[in-house]
Amino acid sequence: MSGDTARRYALAILAHALLIVVWYLFVKLGSIPSFVMPSPVETVQSLGGANYHWTANTLVTASEIFGGYILAVLFGIVLAMAFSWSDTAEAAAMPLLVSLNMIPKVALGPLFIVWLSYGIGPNMIIAFSISFFPILLTTARGLREVEPDLLDLVRSLKGSKWQIFAKIQLPGALPYVFSGMKVGAILAVAGAVVGEFLGSSRGLAYLMLQVQVTLDTAAMFMAVILITLIGVVLYGLVLGLERLVVVRDARIA
Amino acid sequence: MAEPFIRVANVRKIYRKRNDAFLAVSDASFDVEAGELVSLVGPSGCGKTTLLKILAGLFDYDGGEVRIGSAAHPFDPSRDIGMVFQQALLLKWRRVLQNVLLPAEILGLPRRESRERARELLALVGLAGFEDKYPYELSGGMQQRAAIARALVHDPKLVLMDEPFGALDALTREKMNIELRSIWQKSRKTIVFVTHGIAEAVFLSTRVVVLTAAPARMADNIVIDLPQPRTLDVKTTEVFGEYMRRIYRLLGME
């Protein structure tokens, strides 16, 4: 690690630590009642409460997020590939999908519950439906962005459509795929949370609604932090995978 | 007289767009002997890139004859073409050596020999030691050299270059001109080179085909008889200036 990156990491960690310190001082010096805003210490202490079932609830929410997200990545990429192979499919389906994308997916939540009942399944579907479109759209765009001269080069050697796809289109589209996957990761978290709010009997967002009644704000804070951490882990995995497969210069921020 | 390697005779190309028709090339005729470096020169819109794509087998044409290959120099249209464009168009995610190998992969040539040949070619274009770099680590001139190595890796008989140095700065361009001359002499390829740089065309070529725009037509076919090897000194000679004047006159730019 060079001195410059070490410095950047140090600054990033410092900024996070500073936020927690400011939070602490704000609550203490402002004498904010803990049901309005608990201090960081109280928030962490809520982890000791046995009837919160933190581990189980975290696993439920995490599986909704990861399950919905993985579905979105698979479907998004496969569909985008199908579009790049068939102009007719793209011309027919793309405008339709853009229209469907305008539906506020959150509004579909009550319908999913009617169709699929409560539980991890429908919440996964909500997470999927909300994170699927950006992945599809950016991947489709990436597959379309091919230098015409490069196509000429391959065609002058009578290269096949498959060779163009495997050697030029697909690797060229990867930066776009990851760009869509990063947006999708954030949306998947939001989707799962909304799903649990709408109707659920398990999960961190469900827990938030339960403890809200008793003004147990510390547990609500802790739930938000845990949901955020699941999102951070997912996002980190995506970034790590991107580092493995996409050459530095080709990455899209 | 033996048949030429390339014969372009009375070629005509019309672009049709619904009810609109645009004459891109009217009546182009020229021959290229094996081992020649022929430039197609002219202003934008004179159809020089169109002619190049016809030679590459990428475009149909509407009249005339295009024939490549002769008894002495047989030509396989599915594997004997190398192409270089204005942009190097290296694949960002491949290292230089892997980029050079792309045509060999497409043609399914034996791996080990291709790698060896790619290394030799990188040395020929002055990129020895850069095999494992990524394109972004190379300057524009170096990227274009890699693109030239890529165009040669499958040992094609004909290399088509479409303004390959047009995006480079003036000094790098002059340097690349000298290098292309030496690459051409060492590799003994037939090269058809499209440019709108008149000095570049005269300096590089054994022959210059001059095309004019509106209407797109062939103006002349000039044999360039300049001393070998050509150094930049040749550009300051009277003969060189005479060729330049002649082409300017043909293009109506006196």
# chains A, B, ... in the order shown; residues from 1 in each chain; ligands from 1
$ interface_residues --of "chain A" --to "chain B" --cutoff "10 Å" --atoms "only C-alpha atoms" --output "tab-separated table (two decimals) with C-alpha atoms, in the first residue's frame"
chain	number	residue	atom	x	y	z
A	147	GLU	CA	-16.63	0.48	-31.67
A	149	ASP	CA	-14.22	-0.22	-36.46
A	150	LEU	CA	-13.56	-3.11	-34.08
A	152	ASP	CA	-15.04	-4.31	-39.01
A	153	LEU	CA	-11.74	-5.74	-37.85
A	154	VAL	CA	-13.39	-8.95	-36.69
A	155	ARG	CA	-15.63	-9.15	-39.76
A	156	SER	CA	-12.69	-8.68	-42.12
A	157	LEU	CA	-11.38	-11.93	-40.62
A	158	LYS	CA	-14.82	-13.52	-40.99
A	159	GLY	CA	-15.15	-13.75	-37.21
A	160	SER	CA	-18.42	-15.16	-35.93
A	163	GLN	CA	-16.56	-14.35	-31.24
A	164	ILE	CA	-17.63	-10.72	-31.38
A	167	LYS	CA	-14.14	-11.36	-27.13
A	168	ILE	CA	-15.38	-7.80	-27.53
A	171	PRO	CA	-15.79	-7.96	-21.69
A	172	GLY	CA	-16.39	-4.43	-22.96
A	174	LEU	CA	-18.43	-5.49	-17.82
A	245	VAL	CA	-12.57	-8.84	-13.28
A	246	VAL	CA	-12.39	-5.27	-14.59
A	247	VAL	CA	-9.08	-3.64	-15.50
A	248	ARG	CA	-8.57	-0.40	-13.58
A	249	ASP	CA	-8.72	1.94	-16.54
A	250	ALA	CA	-12.02	0.49	-17.76
A	251	ARG	CA	-13.92	0.95	-14.50
$ select_by_dssp --residues "region 117-225 of chain B" --states "strand (DSSP E)" --output "ChimeraX atom specification"
/B:158-162,190-195,207-212,217-223
$ residues_around --residues "region 188-201 of chain B" --least-positions-apart "6" --cutoff "9 Å" --atoms "only C-alpha atoms" --output "JSON, numbers by chain"
{"B": [5, 32, 33, 34, 35, 36, 37, 38, 39, 40, 41, 42, 43, 44, 48, 49, 52, 152, 155, 156, 157, 158, 159, 160, 161, 162, 163, 164, 165, 166, 173, 174, 177, 207, 208, 235, 240, 241, 243, 244, 247, 248]}
$ write_last_selection --atoms "C-alpha atoms" --output "PDB file, in the first residue's frame"
ATOM      1  CA  PHE B   5      -1.945  -8.262 -56.838  1.00  0.00           C
ATOM      2  CA  VAL B  32      -1.464  -2.427 -56.682  1.00  0.00           C
ATOM      3  CA  GLU B  33       1.520  -4.714 -57.155  1.00  0.00           C
ATOM      4  CA  ALA B  34       2.461  -7.138 -54.408  1.00  0.00           C
ATOM      5  CA  GLY B  35       4.735  -5.467 -51.870  1.00  0.00           C
ATOM      6  CA  GLU B  36       3.703  -1.930 -52.766  1.00  0.00           C
ATOM      7  CA  LEU B  37       2.671   0.760 -50.305  1.00  0.00           C
ATOM      8  CA  VAL B  38      -0.055   2.699 -52.063  1.00  0.00           C
ATOM      9  CA  SER B  39      -1.748   5.739 -50.527  1.00  0.00           C
ATOM     10  CA  LEU B  40      -5.248   6.898 -51.289  1.00  0.00           C
ATOM     11  CA  VAL B  41      -5.281  10.662 -50.814  1.00  0.00           C
ATOM     12  CA  GLY B  42      -8.107  13.135 -50.923  1.00  0.00           C
ATOM     13  CA  PRO B  43     -10.370  15.412 -48.933  1.00  0.00           C
ATOM     14  CA  SER B  44     -13.069  14.169 -46.565  1.00  0.00           C
ATOM     15  CA  LYS B  48     -11.251   6.746 -49.801  1.00  0.00           C
ATOM     16  CA  THR B  49     -12.474   4.987 -46.686  1.00  0.00           C
ATOM     17  CA  LEU B  52     -10.720   0.642 -48.286  1.00  0.00           C
ATOM     18  CA  LEU B 152       0.376  -8.213 -38.817  1.00  0.00           C
ATOM     19  CA  ASP B 155       0.676 -12.740 -41.385  1.00  0.00           C
ATOM     20  CA  PRO B 156      -1.885 -11.264 -43.813  1.00  0.00           C
ATOM     21  CA  LYS B 157      -0.919 -10.510 -47.388  1.00  0.00           C
ATOM     22  CA  LEU B 158      -2.670  -7.157 -47.384  1.00  0.00           C
ATOM     23  CA  VAL B 159      -2.717  -4.477 -44.682  1.00  0.00           C
ATOM     24  CA  LEU B 160      -5.351  -1.751 -44.910  1.00  0.00           C
ATOM     25  CA  MET B 161      -4.708   1.426 -42.942  1.00  0.00           C
ATOM     26  CA  ASP B 162      -7.330   4.126 -42.503  1.00  0.00           C
ATOM     27  CA  GLU B 163      -5.626   7.354 -41.411  1.00  0.00           C
ATOM     28  CA  PRO B 164      -3.687   5.444 -38.776  1.00  0.00           C
ATOM     29  CA  PHE B 165      -1.685   8.460 -37.633  1.00  0.00           C
ATOM     30  CA  GLY B 166      -4.453  11.037 -37.952  1.00  0.00           C
ATOM     31  CA  ARG B 173       3.220  11.305 -36.708  1.00  0.00           C
ATOM     32  CA  GLU B 174       6.490  12.027 -38.524  1.00  0.00           C
ATOM     33  CA  ASN B 177       5.931   7.575 -40.799  1.00  0.00           C
ATOM     34  CA  ARG B 207       2.366   5.258 -55.473  1.00  0.00           C
ATOM     35  CA  VAL B 208      -0.281   7.826 -54.605  1.00  0.00           C
ATOM     36  CA  LYS B 235      10.962  16.135 -47.522  1.00  0.00           C
ATOM     37  CA  PHE B 240       9.399  15.952 -53.028  1.00  0.00           C
ATOM     38  CA  GLY B 241       8.021  19.477 -53.363  1.00  0.00           C
ATOM     39  CA  TYR B 243       5.105  15.764 -56.078  1.00  0.00           C
ATOM     40  CA  MET B 244       3.309  17.768 -53.395  1.00  0.00           C
ATOM     41  CA  ILE B 247      -1.193  16.648 -55.848  1.00  0.00           C
ATOM     42  CA  TYR B 248      -2.282  20.050 -54.534  1.00  0.00           C
TER      43      TYR B 248
END
$ select_by_dssp --residues "region 2-166 of chain B" --states "alpha helix (DSSP H)" --output "ChimeraX atom specification"
/B:48-55,96-100,102-107,111-124,140-152
$ write_last_selection --atoms "C-alpha atoms" --output "PDB file, in the first residue's frame"
ATOM      1  CA  LYS B  48     -11.251   6.746 -49.801  1.00  0.00           C
ATOM      2  CA  THR B  49     -12.474   4.987 -46.686  1.00  0.00           C
ATOM      3  CA  THR B  50     -15.274   3.461 -48.739  1.00  0.00           C
ATOM      4  CA  LEU B  51     -12.708   2.054 -51.170  1.00  0.00           C
ATOM      5  CA  LEU B  52     -10.720   0.642 -48.286  1.00  0.00           C
ATOM      6  CA  LYS B  53     -13.801  -1.097 -46.900  1.00  0.00           C
ATOM      7  CA  ILE B  54     -14.586  -2.502 -50.323  1.00  0.00           C
ATOM      8  CA  LEU B  55     -11.043  -3.924 -50.419  1.00  0.00           C
ATOM      9  CA  VAL B  96      -0.607  -5.566 -25.082  1.00  0.00           C
ATOM     10  CA  LEU B  97       0.443  -9.087 -26.068  1.00  0.00           C
ATOM     11  CA  GLN B  98      -3.132 -10.380 -25.761  1.00  0.00           C
ATOM     12  CA  ASN B  99      -4.349  -7.456 -27.834  1.00  0.00           C
ATOM     13  CA  VAL B 100      -1.886  -8.274 -30.595  1.00  0.00           C
ATOM     14  CA  LEU B 102      -6.757 -11.022 -31.185  1.00  0.00           C
ATOM     15  CA  PRO B 103      -6.747 -11.781 -34.956  1.00  0.00           C
ATOM     16  CA  ALA B 104      -4.865 -15.036 -34.341  1.00  0.00           C
ATOM     17  CA  GLU B 105      -7.553 -16.057 -31.829  1.00  0.00           C
ATOM     18  CA  ILE B 106     -10.341 -15.222 -34.241  1.00  0.00           C
ATOM     19  CA  LEU B 107      -8.700 -17.285 -36.953  1.00  0.00           C
ATOM     20  CA  ARG B 111      -1.342 -20.513 -29.816  1.00  0.00           C
ATOM     21  CA  ARG B 112       2.302 -21.011 -29.168  1.00  0.00           C
ATOM     22  CA  GLU B 113       3.488 -19.941 -32.613  1.00  0.00           C
ATOM     23  CA  SER B 114       1.169 -16.946 -32.564  1.00  0.00           C
ATOM     24  CA  ARG B 115       2.542 -15.806 -29.224  1.00  0.00           C
ATOM     25  CA  GLU B 116       6.052 -16.090 -30.514  1.00  0.00           C
ATOM     26  CA  ARG B 117       5.147 -14.153 -33.622  1.00  0.00           C
ATOM     27  CA  ALA B 118       3.347 -11.496 -31.556  1.00  0.00           C
ATOM     28  CA  ARG B 119       6.489 -11.014 -29.480  1.00  0.00           C
ATOM     29  CA  GLU B 120       8.618 -10.661 -32.598  1.00  0.00           C
ATOM     30  CA  LEU B 121       6.198  -8.141 -34.054  1.00  0.00           C
ATOM     31  CA  LEU B 122       6.121  -6.114 -30.852  1.00  0.00           C
ATOM     32  CA  ALA B 123       9.906  -5.975 -31.066  1.00  0.00           C
ATOM     33  CA  LEU B 124       9.627  -4.931 -34.714  1.00  0.00           C
ATOM     34  CA  GLY B 140      -0.991   7.288 -28.206  1.00  0.00           C
ATOM     35  CA  GLY B 141       1.915   6.524 -30.545  1.00  0.00           C
ATOM     36  CA  MET B 142       2.737   3.308 -28.697  1.00  0.00           C
ATOM     37  CA  GLN B 143      -0.902   2.205 -28.816  1.00  0.00           C
ATOM     38  CA  GLN B 144      -0.907   2.718 -32.558  1.00  0.00           C
ATOM     39  CA  ARG B 145       2.286   0.654 -32.881  1.00  0.00           C
ATOM     40  CA  ALA B 146       0.586  -2.146 -30.975  1.00  0.00           C
ATOM     41  CA  ALA B 147      -2.358  -1.831 -33.369  1.00  0.00           C
ATOM     42  CA  ILE B 148       0.055  -2.241 -36.288  1.00  0.00           C
ATOM     43  CA  ALA B 149       1.540  -5.349 -34.677  1.00  0.00           C
ATOM     44  CA  ARG B 150      -2.023  -6.649 -34.249  1.00  0.00           C
ATOM     45  CA  ALA B 151      -2.679  -6.095 -37.959  1.00  0.00           C
ATOM     46  CA  LEU B 152       0.376  -8.213 -38.817  1.00  0.00           C
TER      47      LEU B 152
END
$ residues_around --residues "Gly180 (chain A)" --least-positions-apart "4" --cutoff "8 Å" --atoms "only C-alpha atoms" --output "JSON, numbers by chain"
{"A": [134, 135, 136, 137, 138, 139, 176, 184]}
$ write_last_selection --atoms "N, CA and C atoms" --output "PDB file, in the first residue's frame"
ATOM      1  N   PRO A 134     -32.053  -1.184 -13.163  1.00  0.00           N
ATOM      2  CA  PRO A 134     -30.771  -0.532 -13.466  1.00  0.00           C
ATOM      3  C   PRO A 134     -29.728  -1.518 -13.993  1.00  0.00           C
ATOM      4  N   ILE A 135     -29.762  -2.760 -13.501  1.00  0.00           N
ATOM      5  CA  ILE A 135     -28.781  -3.746 -13.970  1.00  0.00           C
ATOM      6  C   ILE A 135     -29.057  -4.095 -15.427  1.00  0.00           C
ATOM      7  N   LEU A 136     -30.317  -4.325 -15.755  1.00  0.00           N
ATOM      8  CA  LEU A 136     -30.690  -4.621 -17.142  1.00  0.00           C
ATOM      9  C   LEU A 136     -30.316  -3.466 -18.073  1.00  0.00           C
ATOM     10  N   LEU A 137     -30.697  -2.252 -17.687  1.00  0.00           N
ATOM     11  CA  LEU A 137     -30.517  -1.114 -18.593  1.00  0.00           C
ATOM     12  C   LEU A 137     -29.042  -0.811 -18.836  1.00  0.00           C
ATOM     13  N   THR A 138     -28.229  -0.810 -17.771  1.00  0.00           N
ATOM     14  CA  THR A 138     -26.821  -0.485 -17.976  1.00  0.00           C
ATOM     15  C   THR A 138     -26.106  -1.612 -18.728  1.00  0.00           C
ATOM     16  N   THR A 139     -26.477  -2.864 -18.443  1.00  0.00           N
ATOM     17  CA  THR A 139     -25.837  -3.971 -19.161  1.00  0.00           C
ATOM     18  C   THR A 139     -26.185  -3.912 -20.649  1.00  0.00           C
ATOM     19  N   TYR A 176     -19.959  -1.546 -17.384  1.00  0.00           N
ATOM     20  CA  TYR A 176     -21.355  -1.105 -17.304  1.00  0.00           C
ATOM     21  C   TYR A 176     -22.146  -2.035 -16.392  1.00  0.00           C
ATOM     22  N   GLY A 184     -27.914  -1.204  -8.188  1.00  0.00           N
ATOM     23  CA  GLY A 184     -28.876  -2.242  -7.803  1.00  0.00           C
ATOM     24  C   GLY A 184     -28.685  -2.695  -6.367  1.00  0.00           C
TER      25      GLY A 184
END
